[in-house]
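This is model21.txt (compact mmCIF, C-alpha atoms).
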# COMPACT_ATOMS: atom_id res chain seq x y z
CA MET A 19 40.04 -32.16 -7.01
CA SER A 20 38.27 -33.85 -9.91
CA GLU A 21 37.59 -37.58 -9.93
CA TYR A 22 38.61 -37.63 -13.57
CA LEU A 23 41.43 -36.93 -15.94
CA THR A 24 39.83 -35.11 -18.85
CA THR A 25 40.62 -33.97 -22.34
CA THR A 26 38.61 -32.29 -25.06
CA PHE A 27 38.40 -33.63 -28.59
CA ASP A 28 36.26 -31.55 -30.97
CA LYS A 29 33.35 -30.67 -28.71
CA PHE A 30 33.55 -33.84 -26.63
CA GLU A 31 34.94 -34.04 -23.15
CA LEU A 32 36.50 -37.44 -22.61
CA ARG A 33 37.05 -38.62 -19.07
CA VAL A 34 39.24 -41.22 -17.42
CA ARG A 35 38.17 -42.13 -13.93
CA LYS A 36 41.03 -41.86 -11.46
CA GLY A 37 41.72 -44.79 -9.19
CA PHE A 38 40.51 -47.38 -11.70
CA TYR A 39 42.68 -49.72 -13.72
CA TYR A 40 42.40 -50.04 -17.48
CA THR A 41 43.09 -52.42 -20.31
CA ARG A 42 44.53 -51.48 -23.68
CA ASP A 43 41.13 -52.44 -25.11
CA ASP A 44 39.48 -49.59 -23.19
CA LEU A 45 37.84 -51.47 -20.34
CA TRP A 46 38.12 -50.27 -16.75
CA VAL A 47 38.47 -52.37 -13.61
CA SER A 48 37.56 -51.28 -10.10
CA VAL A 49 38.45 -53.60 -7.22
CA GLU A 50 35.93 -53.64 -4.39
CA ASN A 51 35.91 -56.18 -1.52
CA GLY A 52 38.18 -58.57 -3.40
CA LYS A 53 35.98 -58.54 -6.51
CA ALA A 54 36.52 -56.68 -9.74
CA LYS A 55 33.82 -54.56 -11.33
CA VAL A 56 34.35 -54.05 -15.06
CA GLY A 57 33.01 -51.50 -17.52
CA VAL A 58 33.92 -49.61 -20.67
CA SER A 59 35.81 -46.34 -20.72
CA ASP A 60 34.29 -43.05 -21.79
CA TYR A 61 36.47 -43.21 -24.91
CA LEU A 62 35.10 -46.62 -25.90
CA GLN A 63 31.46 -45.71 -25.36
CA LYS A 64 31.91 -42.52 -27.34
CA THR A 65 33.59 -44.20 -30.30
CA SER A 66 31.13 -47.09 -30.31
CA GLY A 67 28.02 -44.95 -30.68
CA ASP A 68 24.65 -45.60 -29.09
CA VAL A 69 24.80 -49.02 -27.45
CA ALA A 70 21.78 -51.17 -28.31
CA PHE A 71 22.83 -54.59 -26.96
CA VAL A 72 25.19 -55.82 -24.27
CA GLU A 73 25.53 -59.58 -24.09
CA VAL A 74 27.84 -61.28 -21.62
CA ALA A 75 28.47 -64.77 -20.34
CA LYS A 76 26.19 -66.13 -17.63
CA PRO A 77 27.04 -65.73 -13.93
CA GLY A 78 29.11 -68.69 -12.84
CA SER A 79 30.99 -68.85 -16.14
CA PRO A 80 34.78 -69.22 -15.95
CA LEU A 81 36.67 -66.33 -17.53
CA GLU A 82 40.19 -66.25 -18.88
CA LYS A 83 42.26 -63.11 -19.07
CA ASP A 84 42.20 -61.54 -22.55
CA LYS A 85 39.50 -63.92 -23.75
CA GLU A 86 36.06 -62.76 -24.88
CA PHE A 87 33.35 -62.71 -22.23
CA GLY A 88 30.74 -60.83 -24.20
CA THR A 89 29.92 -58.27 -26.85
CA MET A 90 28.68 -54.73 -26.93
CA GLU A 91 26.74 -53.76 -30.06
CA SER A 92 25.62 -50.54 -31.64
CA ALA A 93 24.45 -49.87 -35.20
CA LYS A 94 27.96 -48.64 -35.85
CA THR A 95 30.05 -51.54 -34.50
CA THR A 96 30.20 -54.70 -32.43
CA VAL A 97 32.90 -54.66 -29.79
CA ALA A 98 34.30 -57.89 -28.42
CA LEU A 99 34.69 -57.54 -24.65
CA LEU A 100 37.93 -59.19 -23.50
CA SER A 101 38.20 -60.14 -19.86
CA PRO A 102 40.84 -58.14 -17.96
CA LEU A 103 41.19 -60.91 -15.38
CA SER A 104 40.89 -64.67 -14.96
CA GLY A 105 38.21 -65.88 -12.58
CA ILE A 106 34.48 -66.50 -12.39
CA LEU A 107 31.82 -64.14 -13.69
CA ASP A 108 30.00 -63.32 -10.48
CA GLN A 109 27.36 -60.88 -11.63
CA ALA A 110 26.16 -59.22 -14.81
CA ASN A 111 24.46 -55.80 -14.84
CA SER A 112 20.85 -56.79 -15.47
CA ASN A 113 19.82 -53.13 -16.03
CA LEU A 114 21.60 -53.17 -19.36
CA SER A 115 19.12 -55.48 -21.04
CA GLY A 116 16.37 -52.87 -20.78
CA LYS A 117 18.56 -49.77 -20.73
CA PRO A 118 21.78 -50.39 -22.67
CA GLU A 119 22.12 -46.62 -23.03
CA LEU A 120 23.44 -46.57 -19.47
CA VAL A 121 26.77 -47.61 -20.95
CA ASN A 122 26.80 -44.33 -22.88
CA SER A 123 25.31 -42.04 -20.28
CA ASP A 124 27.21 -43.33 -17.22
CA PRO A 125 30.09 -45.58 -18.32
CA TYR A 126 31.92 -45.41 -14.97
CA GLY A 127 28.82 -45.75 -12.81
CA GLU A 128 25.48 -47.32 -13.65
CA GLY A 129 26.75 -48.54 -17.00
CA TRP A 130 29.08 -51.18 -15.47
CA LEU A 131 29.09 -54.51 -17.27
CA VAL A 132 30.08 -57.36 -14.96
CA ILE A 133 31.61 -58.23 -11.61
CA ILE A 134 34.33 -60.87 -11.60
CA ALA A 135 35.53 -63.01 -8.70
CA PRO A 136 39.21 -63.04 -9.67
CA ARG A 137 41.49 -66.08 -9.47
CA ASN A 138 44.87 -64.27 -9.57
CA LEU A 139 44.05 -60.67 -8.86
CA GLU A 140 47.55 -59.51 -7.93
CA ASP A 141 49.17 -61.19 -10.92
CA ASP A 142 46.53 -60.01 -13.40
CA ARG A 143 46.56 -56.50 -12.01
CA THR A 144 50.22 -56.00 -12.96
CA ALA A 145 49.19 -56.16 -16.63
CA LEU A 146 46.61 -53.40 -16.23
CA LEU A 147 47.25 -49.73 -16.82
CA SER A 148 46.92 -46.99 -14.24
CA ALA A 149 44.47 -44.19 -15.01
CA GLU A 150 47.37 -41.89 -15.91
CA ASP A 151 48.89 -44.41 -18.32
CA TYR A 152 45.52 -45.15 -19.89
CA TYR A 153 44.94 -41.43 -20.30
CA LYS A 154 48.14 -41.16 -22.34
CA LEU A 155 47.13 -44.18 -24.41
CA MET A 156 43.74 -42.59 -25.05
CA LEU A 157 45.36 -39.32 -26.19
CA GLY A 158 47.45 -41.32 -28.62
CA LYS A 159 44.36 -43.02 -30.01
CA LEU A 160 42.62 -39.67 -30.41
CA GLN A 161 45.60 -38.21 -32.26
CA SER A 162 45.37 -40.96 -34.83
CA GLU A 163 41.56 -40.79 -35.00
CA HIS A 164 40.46 -40.42 -38.63
CA GLY A 165 36.71 -40.26 -38.33
CA LYS A 166 34.71 -37.91 -36.17
CA LEU A 167 33.16 -38.97 -32.93
CA GLU A 168 29.41 -39.14 -33.01
CA SER A 169 27.34 -36.63 -31.23
CA ARG A 170 25.87 -37.78 -27.93
CA MET B 7 7.14 -19.16 -44.48
CA LYS B 8 3.76 -19.33 -42.81
CA MET B 9 2.79 -22.52 -41.06
CA ASP B 10 -0.44 -23.98 -42.42
CA ALA B 11 -2.81 -24.73 -39.58
CA PRO B 12 -4.68 -28.00 -40.29
CA THR B 13 -8.39 -27.49 -41.01
CA LYS B 14 -9.13 -30.71 -39.17
CA LYS B 15 -7.15 -32.31 -36.42
CA LYS B 16 -3.92 -33.88 -37.54
CA VAL B 17 -1.19 -35.67 -35.73
CA ILE B 18 2.06 -33.73 -35.81
CA ILE B 19 5.16 -35.85 -36.30
CA ILE B 20 8.34 -34.22 -35.05
CA PRO B 21 11.70 -35.84 -35.80
CA CYS B 22 14.89 -34.89 -34.04
CA SER B 23 16.82 -34.75 -37.33
CA GLY B 24 20.07 -35.06 -35.41
CA ILE B 25 22.81 -34.16 -37.85
CA GLY B 26 25.65 -36.15 -36.31
CA LYS B 27 24.23 -39.66 -36.59
CA ALA B 28 22.59 -41.94 -39.12
CA PHE B 29 19.71 -42.39 -36.68
CA GLY B 30 18.98 -38.68 -36.87
CA SER B 31 18.63 -38.90 -40.65
CA ILE B 32 16.46 -41.99 -40.24
CA SER B 33 14.13 -40.14 -37.86
CA ARG B 34 13.70 -37.49 -40.52
CA ASP B 35 13.14 -39.87 -43.42
CA ALA B 36 10.67 -41.99 -41.46
CA THR B 37 8.72 -38.84 -40.70
CA TYR B 38 8.57 -37.91 -44.37
CA GLU B 39 7.46 -41.42 -45.28
CA VAL B 40 4.51 -41.02 -42.92
CA THR B 41 3.56 -37.42 -43.71
CA GLU B 42 4.02 -37.71 -47.48
CA ASN B 43 2.94 -41.26 -48.06
CA LEU B 44 1.52 -43.56 -45.40
CA ARG B 45 -0.71 -41.09 -43.58
CA LYS B 46 -0.45 -37.97 -45.70
CA ASP B 47 -3.98 -36.76 -45.02
CA THR B 48 -3.83 -37.12 -41.27
CA THR B 49 -0.32 -36.03 -40.35
CA GLN B 50 2.13 -33.23 -40.90
CA THR B 51 5.55 -32.27 -39.64
CA LEU B 52 7.19 -29.04 -38.61
CA CYS B 53 10.65 -27.66 -37.93
CA LEU B 54 11.68 -28.60 -34.41
CA ALA B 55 13.81 -25.50 -34.00
CA LEU B 56 10.81 -23.23 -34.57
CA LEU B 57 9.31 -24.46 -31.32
CA VAL B 58 12.27 -23.30 -29.32
CA SER B 59 12.72 -20.04 -31.21
CA GLY B 60 9.18 -19.14 -30.15
CA ASP B 61 7.45 -19.22 -33.54
CA GLU B 62 3.81 -18.61 -32.63
CA ASP B 63 2.26 -20.64 -35.41
CA SER B 64 4.37 -23.67 -34.58
CA ILE B 65 3.70 -23.44 -30.87
CA ARG B 66 -0.03 -23.10 -31.47
CA LEU B 67 0.06 -26.13 -33.76
CA VAL B 68 1.71 -28.43 -31.22
CA ARG B 69 -0.50 -27.24 -28.41
CA ASN B 70 -3.69 -27.79 -30.38
CA ASN B 71 -2.86 -31.14 -31.95
CA LYS B 72 -1.50 -34.44 -30.70
CA CYS B 73 2.19 -34.87 -31.38
CA ILE B 74 4.47 -37.83 -31.85
CA THR B 75 8.20 -37.31 -31.47
CA VAL B 76 10.70 -39.46 -33.32
CA ASP B 77 14.12 -39.41 -31.71
CA GLY B 78 17.35 -40.79 -33.10
CA CYS B 79 18.91 -41.62 -29.77
CA PRO B 80 18.17 -41.98 -26.05
CA LEU B 81 18.88 -38.28 -25.46
CA GLN B 82 15.40 -37.68 -26.91
CA CYS B 83 15.86 -34.09 -27.99
CA ALA B 84 12.62 -33.91 -29.98
CA GLU B 85 10.62 -35.01 -26.96
CA LYS B 86 12.45 -32.61 -24.66
CA ASN B 87 12.03 -29.66 -26.98
CA LEU B 88 8.36 -30.41 -27.55
CA LYS B 89 7.77 -30.49 -23.82
CA LEU B 90 9.63 -27.21 -23.40
CA ALA B 91 7.25 -25.65 -25.91
CA GLY B 92 4.21 -26.99 -24.04
CA GLY B 93 3.18 -29.31 -26.87
CA LYS B 94 0.76 -32.23 -26.52
CA LEU B 95 3.06 -35.24 -26.43
CA ALA B 96 0.90 -38.22 -27.38
CA GLY B 97 3.66 -40.64 -28.29
CA SER B 98 7.40 -40.91 -28.56
CA LEU B 99 9.40 -43.33 -30.65
CA ARG B 100 13.13 -43.92 -30.87
CA VAL B 101 15.05 -45.12 -33.89
CA VAL B 102 17.22 -47.24 -31.60
CA ASP B 103 14.13 -49.30 -30.71
CA ALA B 104 13.49 -49.95 -34.40
CA TYR B 105 17.13 -51.02 -34.65
CA LYS B 106 16.69 -53.50 -31.78
CA GLU B 107 13.91 -55.17 -33.75
CA ASN B 108 15.94 -55.15 -36.98
CA ARG B 109 19.37 -55.99 -35.82
CA HIS B 110 20.56 -57.09 -39.23
CA LEU B 111 20.27 -53.54 -40.52
CA LYS B 112 23.46 -51.51 -40.06
CA PRO B 113 22.90 -47.99 -41.31
CA ARG B 114 26.17 -46.11 -41.57
CA SER B 115 25.67 -43.19 -43.89
CA VAL B 116 24.43 -39.95 -42.36
CA THR B 117 24.11 -37.40 -45.17
CA PHE B 118 22.21 -39.64 -47.57
CA LEU B 119 20.72 -42.84 -46.20
CA ASP B 120 22.22 -46.09 -47.42
CA PRO B 121 19.92 -49.07 -48.19
CA ASP B 122 19.96 -50.27 -44.58
CA GLY B 123 19.10 -46.78 -43.42
CA GLN B 124 16.24 -46.54 -45.91
CA GLN B 125 14.93 -49.92 -44.79
CA MET B 126 15.06 -48.92 -41.15
CA ALA B 127 13.26 -45.66 -41.95
CA LEU B 128 10.46 -47.63 -43.60
CA LYS B 129 10.15 -49.99 -40.62
CA LEU B 130 10.03 -47.06 -38.26
CA ALA B 131 7.50 -45.28 -40.45
CA GLU B 132 5.17 -48.27 -40.12
CA ARG B 133 5.39 -48.03 -36.34
CA ILE B 134 4.68 -44.31 -36.45
CA ALA B 135 1.68 -44.89 -38.72
CA GLU B 136 0.27 -47.46 -36.30
CA LYS B 137 0.66 -44.99 -33.50
CA VAL B 138 -1.08 -42.31 -35.54
CA ASP B 139 -4.02 -44.63 -36.20
CA GLY B 140 -4.33 -45.32 -32.51
CA LEU B 141 -4.38 -41.64 -31.67
CA LEU B 142 -6.95 -40.81 -34.31
CA GLU B 143 -9.24 -43.56 -33.05
CA ASP B 144 -9.14 -41.99 -29.63
CA GLN B 145 -10.16 -38.57 -30.90
CA MET C 11 44.70 -31.28 -19.38
CA GLY C 12 45.79 -32.10 -22.93
CA GLU C 13 43.87 -30.55 -25.83
CA VAL C 14 43.97 -32.73 -28.91
CA GLN C 15 42.72 -30.05 -31.28
CA GLU C 16 42.83 -26.30 -30.78
CA LYS C 17 41.47 -24.36 -33.75
CA LYS C 18 38.05 -25.56 -34.70
CA VAL C 19 34.93 -23.88 -36.03
CA GLY C 20 31.49 -25.11 -35.01
CA ILE C 21 28.90 -25.41 -37.78
CA ILE C 22 25.28 -25.27 -36.70
CA SER C 23 22.66 -26.14 -39.28
CA CYS C 24 18.96 -25.61 -38.91
CA SER C 25 16.97 -28.82 -38.73
CA GLY C 26 14.70 -27.59 -41.50
CA GLU C 27 12.20 -30.42 -41.70
CA ASP C 28 9.51 -28.38 -43.30
CA CYS C 29 11.11 -27.16 -46.51
CA VAL C 30 13.62 -28.19 -49.16
CA GLU C 31 15.92 -25.33 -48.15
CA GLY C 32 16.21 -26.95 -44.73
CA THR C 33 17.32 -30.21 -46.29
CA ILE C 34 19.79 -28.31 -48.45
CA SER C 35 21.15 -26.60 -45.34
CA ARG C 36 21.66 -29.95 -43.68
CA VAL C 37 23.29 -31.64 -46.68
CA ALA C 38 25.57 -28.67 -47.31
CA THR C 39 26.68 -28.65 -43.69
CA ARG C 40 27.46 -32.36 -43.78
CA GLN C 41 29.47 -31.89 -46.98
CA ALA C 42 31.47 -29.04 -45.50
CA LEU C 43 32.12 -31.07 -42.35
CA GLY C 44 32.89 -34.38 -43.98
CA LYS C 45 34.61 -33.44 -47.24
CA LEU C 46 35.63 -29.83 -47.56
CA ARG C 47 36.92 -28.93 -44.10
CA PRO C 48 36.94 -32.15 -42.02
CA ASN C 49 39.86 -31.18 -39.80
CA GLU C 50 38.79 -27.62 -39.10
CA THR C 51 35.13 -28.08 -38.23
CA VAL C 52 32.85 -29.62 -35.66
CA THR C 53 29.16 -30.26 -36.04
CA ILE C 54 26.82 -28.87 -33.44
CA CYS C 55 23.60 -30.85 -33.33
CA LEU C 56 20.89 -28.18 -33.16
CA PRO C 57 18.18 -30.29 -31.45
CA LEU C 58 20.67 -31.31 -28.77
CA PHE C 59 21.86 -27.73 -28.50
CA LEU C 60 18.28 -26.55 -27.99
CA ALA C 61 17.54 -29.28 -25.48
CA GLY C 62 20.44 -28.13 -23.33
CA GLY C 63 23.31 -30.31 -24.55
CA ARG C 64 26.26 -29.19 -22.42
CA GLU C 65 29.01 -30.08 -24.86
CA GLU C 66 27.23 -28.37 -27.74
CA ARG C 67 26.58 -25.16 -25.82
CA GLU C 68 30.02 -24.95 -24.29
CA PHE C 69 31.73 -25.48 -27.61
CA ALA C 70 29.57 -22.83 -29.24
CA ARG C 71 30.41 -20.48 -26.38
CA ASP C 72 34.17 -21.06 -26.47
CA TYR C 73 34.81 -21.46 -30.20
CA PRO C 74 33.68 -19.49 -33.25
CA THR C 75 30.53 -20.72 -34.95
CA ILE C 76 28.93 -20.49 -38.36
CA THR C 77 25.18 -20.94 -38.60
CA VAL C 78 23.52 -22.32 -41.71
CA ASP C 79 19.80 -21.69 -42.03
CA GLY C 80 17.32 -22.76 -44.65
CA CYS C 81 15.12 -19.70 -44.46
CA ASP C 82 14.89 -16.23 -43.01
CA LYS C 83 13.46 -17.48 -39.71
CA MET C 84 17.10 -18.32 -38.98
CA CYS C 85 16.49 -20.78 -36.17
CA ALA C 86 20.13 -21.83 -35.93
CA LYS C 87 21.32 -18.22 -35.66
CA VAL C 88 18.64 -17.32 -33.11
CA ALA C 89 19.42 -20.35 -30.96
CA THR C 90 23.16 -19.80 -31.08
CA GLU C 91 22.83 -16.16 -30.06
CA ARG C 92 20.44 -17.04 -27.29
CA TYR C 93 22.37 -19.88 -25.70
CA SER C 94 26.00 -19.34 -26.52
CA GLY C 95 26.89 -16.16 -28.34
CA LYS C 96 26.89 -14.34 -31.65
CA PRO C 97 28.01 -16.56 -34.51
CA ALA C 98 31.10 -15.49 -36.43
CA SER C 99 29.18 -15.87 -39.67
CA THR C 100 25.67 -16.70 -40.85
CA ILE C 101 24.56 -18.28 -44.11
CA VAL C 102 20.96 -18.47 -45.29
CA VAL C 103 20.12 -20.83 -48.13
CA THR C 104 17.33 -18.61 -49.50
CA ASP C 105 19.91 -15.79 -49.84
CA VAL C 106 22.20 -18.13 -51.80
CA LEU C 107 19.25 -19.05 -54.03
CA LYS C 108 18.59 -15.41 -54.87
CA ASN C 109 22.00 -15.27 -56.54
CA LEU C 110 21.27 -18.31 -58.64
CA HIS C 111 18.82 -18.41 -61.50
CA CYS C 112 15.73 -19.81 -59.75
CA PRO C 113 16.62 -23.49 -60.00
CA LYS C 114 13.68 -25.86 -59.94
CA LEU C 115 14.07 -27.47 -56.58
CA SER C 116 12.75 -30.84 -55.58
CA SER C 117 10.87 -32.08 -52.56
CA ARG C 118 12.37 -31.70 -49.13
CA ARG C 119 12.85 -35.44 -48.80
CA LYS C 120 15.01 -36.32 -51.78
CA LEU C 121 17.09 -33.61 -53.42
CA ASN C 122 17.10 -33.49 -57.19
CA ASN C 123 20.18 -32.53 -59.19
CA GLU C 124 19.38 -28.83 -59.04
CA ALA C 125 18.96 -28.95 -55.28
CA LEU C 126 22.16 -30.96 -54.89
CA ALA C 127 23.99 -28.34 -56.94
CA VAL C 128 22.67 -25.66 -54.61
CA ALA C 129 23.81 -27.72 -51.62
CA GLU C 130 27.31 -27.85 -53.11
CA LYS C 131 27.34 -24.10 -53.53
CA VAL C 132 26.27 -23.63 -49.94
CA ALA C 133 28.91 -26.12 -48.80
CA GLU C 134 31.57 -24.14 -50.65
CA LYS C 135 30.30 -20.97 -49.04
CA ILE C 136 30.56 -22.62 -45.61
CA ALA C 137 34.14 -23.68 -46.39
CA GLU C 138 35.03 -20.12 -47.43
CA GLU C 139 33.58 -18.76 -44.21
CA VAL C 140 35.51 -21.33 -42.18
CA ASP C 141 38.74 -20.23 -43.85
CA GLU C 142 37.89 -16.61 -43.15
CA VAL C 143 37.18 -17.28 -39.49
CA LEU C 144 40.42 -19.21 -39.07
CA ARG C 145 42.38 -16.45 -40.83
CA HIS C 146 41.21 -14.00 -38.22
CA TRP C 147 41.65 -16.34 -35.28
CA VAL C 148 43.64 -14.61 -32.55

Show me this structure written as structure tokens.
Amino acid sequence: MSEYLTTTFDKFELRVRKGFYYTRDDLWVSVENGKAKVGVSDYLQKTSGDVAFVEVAKPGSPLEKDKEFGTMESAKTTVALLSPLSGILDQANSNLSGKPELVNSDPYGEGWLVIIAPRNLEDDRTALLSAEDYYKLMLGKLQSEHGKLESR
Amino acid sequence: MKMDAPTKKKVIIIPCSGIGKAFGSISRDATYEVTENLRKDTTQTLCLALLVSGDEDSIRLVRNNKCITVDGCPLQCAEKNLKLAGGKLAGSLRVVDAYKENRHLKPRSVTFLDPDGQQMALKLAERIAEKVDGLLEDQ
Amino acid sequence: MGEVQEKKVGIISCSGEDCVEGTISRVATRQALGKLRPNETVTICLPLFLAGGREEREFARDYPTITVDGCDKMCAKVATERYSGKPASTIVVTDVLKNLHCPKLSSRRKLNNEALAVAEKVAEKIAEEVDEVLRHWV
């Protein structure tokens, strides 16, 4: 059984990792040992183009749900990264400063952005989407897509 | 079309020319800036696809001369294809690295470069030319 | 799983760095993709295709393709046949030029008006071939 829900748009296969939670802004959340690892979905990395910079708040910074904790920049666009949870930013992925392309090549793995020590995990989690619900949301976004996705 | 073999050693500049992204067009334009302007006597380019289709002249050219690949994105197709053909990879540049140094430039247009794209191509061309000079000094 | 689009034609242009016909091939392909048939076509990046790009090769294997080459070396056609399958149609810019009255073409870097006009003709030809392929889609 695949780890992913997948769809094809043009020539691109777009994947949604099962078992993760998602925001409507296309971030994923994976809860491990009481902490939340956060990254961008395959859909977001594909529509953003080649990521050149990822800049996030420093470890130790307080985060508020739905407030900006960083930005992800390509030549095509700058995406504001909105925190899916309230808490403290525990760790940032230091590999991304030298290799931001990890966000594109492995968005659900090595391309993770931050780890958050959540303040109200159970409460904040209720606002997140399941993989299946995010998948439907993503299909809806693709249906209304006007431009073409860039080649990767 | 017969490939002209250089009478003296030249550096071969090979862009990826990726058609789906502005950076692919920039790789191509930067290459032309070098081969037609900045270092026109010491460099030339060739069609990347000829390497993979097995064109003998092209393969001989990249095996006998130092090559610099210019890739639009981290997938580095020009570098990969050159290596597959057994070419002498002497340097590889990426447009995205030129973008990191010129963050204010936001090229958007793919078919015909917009002003930011043209500017980025020129910046990248300067880097390629420096690399060429370094390689020629070593020869 | 859900397919967002079903009937698409892949257009594969040669990279054509070395001659003006290659640039014409590229520009014409972009015009067909972006303006003339944006909803019916997908671009296949030839360098990525050659380097082993999975999405490019699988699309070209599963969907009909049209190759657009600058010259009779036909790199795009050769690559498509080798790695995915016979294209549904092939277009060669030098063949299109034979039917025109020897326009004075510019450098490969910046197309002059004559070369742009040729690119438009090639783009229209691509669009016609796309329509033809879709008409015969089973």

### Query
Which one of B:Ala104, B:Ser23, B:Ala96, B:Cys73 sits closest to Glu132 of chain B if you count all atoms listed in the file?
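Between B:Ala104, B:Ser23, B:Ala96, B:Cys73, the residue approaching Glu132 of chain B most closely is B:Ala104.
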
### Query
With all atoms listed in the file as the atoms that count, which of A:Val69, A:Ile106, A:Leu81, A:Ala98 lies nearest to chain B?
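Answer, going by the shortest atom-to-atom distance: A:Val69.
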
### Query
Counting all atoms listed in the file, which residues of chain C come no farther than 10 Å from chain A, as a ChimeraX atom specification?
/C:11-20,43-44,48-55,58,63-70,72-73

### Query
Could you state the separation of atom CA of Lys15 of chain B and atom CA of Thr41 of chain B in Å, given to one decimal place?
13.9 Å

### Message
I'd like the interatomic distance between atom CA of Pro74 of chain C and atom CA of Ile22 of chain C, to a tenth of an Å.
### Response
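Answer for the atom CA of Pro74 of chain C to atom CA of Ile22 of chain C separation: 10.8 Å.
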
Expected axis-aligned box over every listed atom of segment 122-126 of chain B, 6 Å added per side, centre plus edges in Å to one decimal, as lines of an AutoDock Vina configuration file:
center_x = 17.4
center_y = -48.4
center_z = -43.5
size_x = 17.0
size_y = 15.7
size_z = 16.8

### Message
Give me, as a PyMOL selection string, all polymer residues having an atom no more than 10 Å from Ala135 of chain A, counting all atoms listed in the file and skipping those fewer than 4 positions away in the same chain.
### Response
chain A and resi 49+51-55+78+80-81+103-109+139

Near chain C, 9 Å: chain B residue rows, closest pairs, all atoms listed in the file, as a tab-separated table:
residue	atom	partner	partner_atom	distance
B:Met7	CA	C:Cys81	CA	8.0
B:Ile20	CA	C:Glu27	CA	8.6
B:Pro21	CA	C:Glu27	CA	8.0
B:Cys22	CA	C:Pro57	CA	6.2
B:Ser23	CA	C:Ser25	CA	6.1
B:Gly24	CA	C:Cys55	CA	5.9
B:Ile25	CA	C:Cys55	CA	5.7
B:Gly26	CA	C:Cys55	CA	6.4
B:Arg34	CA	C:Glu27	CA	7.3
B:Asp35	CA	C:Arg119	CA	7.0
B:Tyr38	CA	C:Arg119	CA	6.6
B:Glu39	CA	C:Arg119	CA	8.8
B:Thr51	CA	C:Asp28	CA	6.6
B:Leu52	CA	C:Asp28	CA	5.3
B:Cys53	CA	C:Glu27	CA	4.9
B:Leu54	CA	C:Ser25	CA	6.8
B:Ala55	CA	C:Cys85	CA	5.8
B:Leu56	CA	C:Cys85	CA	6.4
B:Val58	CA	C:Leu60	CA	7.0
B:Ser59	CA	C:Cys85	CA	6.3
B:Asp61	CA	C:Lys83	CA	8.8
B:Leu81	CA	C:Leu58	CA	7.9
B:Gln82	CA	C:Leu58	CA	8.5
B:Cys83	CA	C:Leu58	CA	5.6
B:Ala84	CA	C:Pro57	CA	6.8
B:Lys86	CA	C:Ala61	CA	6.1
B:Asn87	CA	C:Ala61	CA	5.7
B:Leu90	CA	C:Ala61	CA	8.4
B:Val116	CA	C:Arg40	CA	8.3
B:Thr117	CA	C:Val37	CA	6.0
B:Phe118	CA	C:Val37	CA	8.1

### Message
Would you compute the distance between atom CA of Val143 of chain C and atom CA of Val30 of chain C? Give it in Å to one decimal.
### Response
27.7 Å

### Query
What are the residues of chain B that have an atom within 9 Å of an atom of chain A, counting all atoms listed in the file, as a list in words?
Gly24, Ile25, Gly26, Lys27, Phe29, Cys79, Pro80, Leu81, Val102, Asp103, Tyr105, Lys106, Arg109, Leu111, Lys112, Pro113 and Arg114 of chain B

#### Entry: Among the residues B:Leu44, B:Leu88, B:Leu99, B:Val76, the one that comes closest to Gly60 of chain B [using only C-alpha atoms]
B:Leu88

### Task
Find, counting only C-alpha atoms, the residue in B:Val138, B:Glu85, B:Gly30, B:Ala127 that gets nearest to Lys72 of chain B.
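Of B:Val138, B:Glu85, B:Gly30, B:Ala127, the one nearest Lys72 of chain B, counting only C-alpha atoms, is B:Val138.
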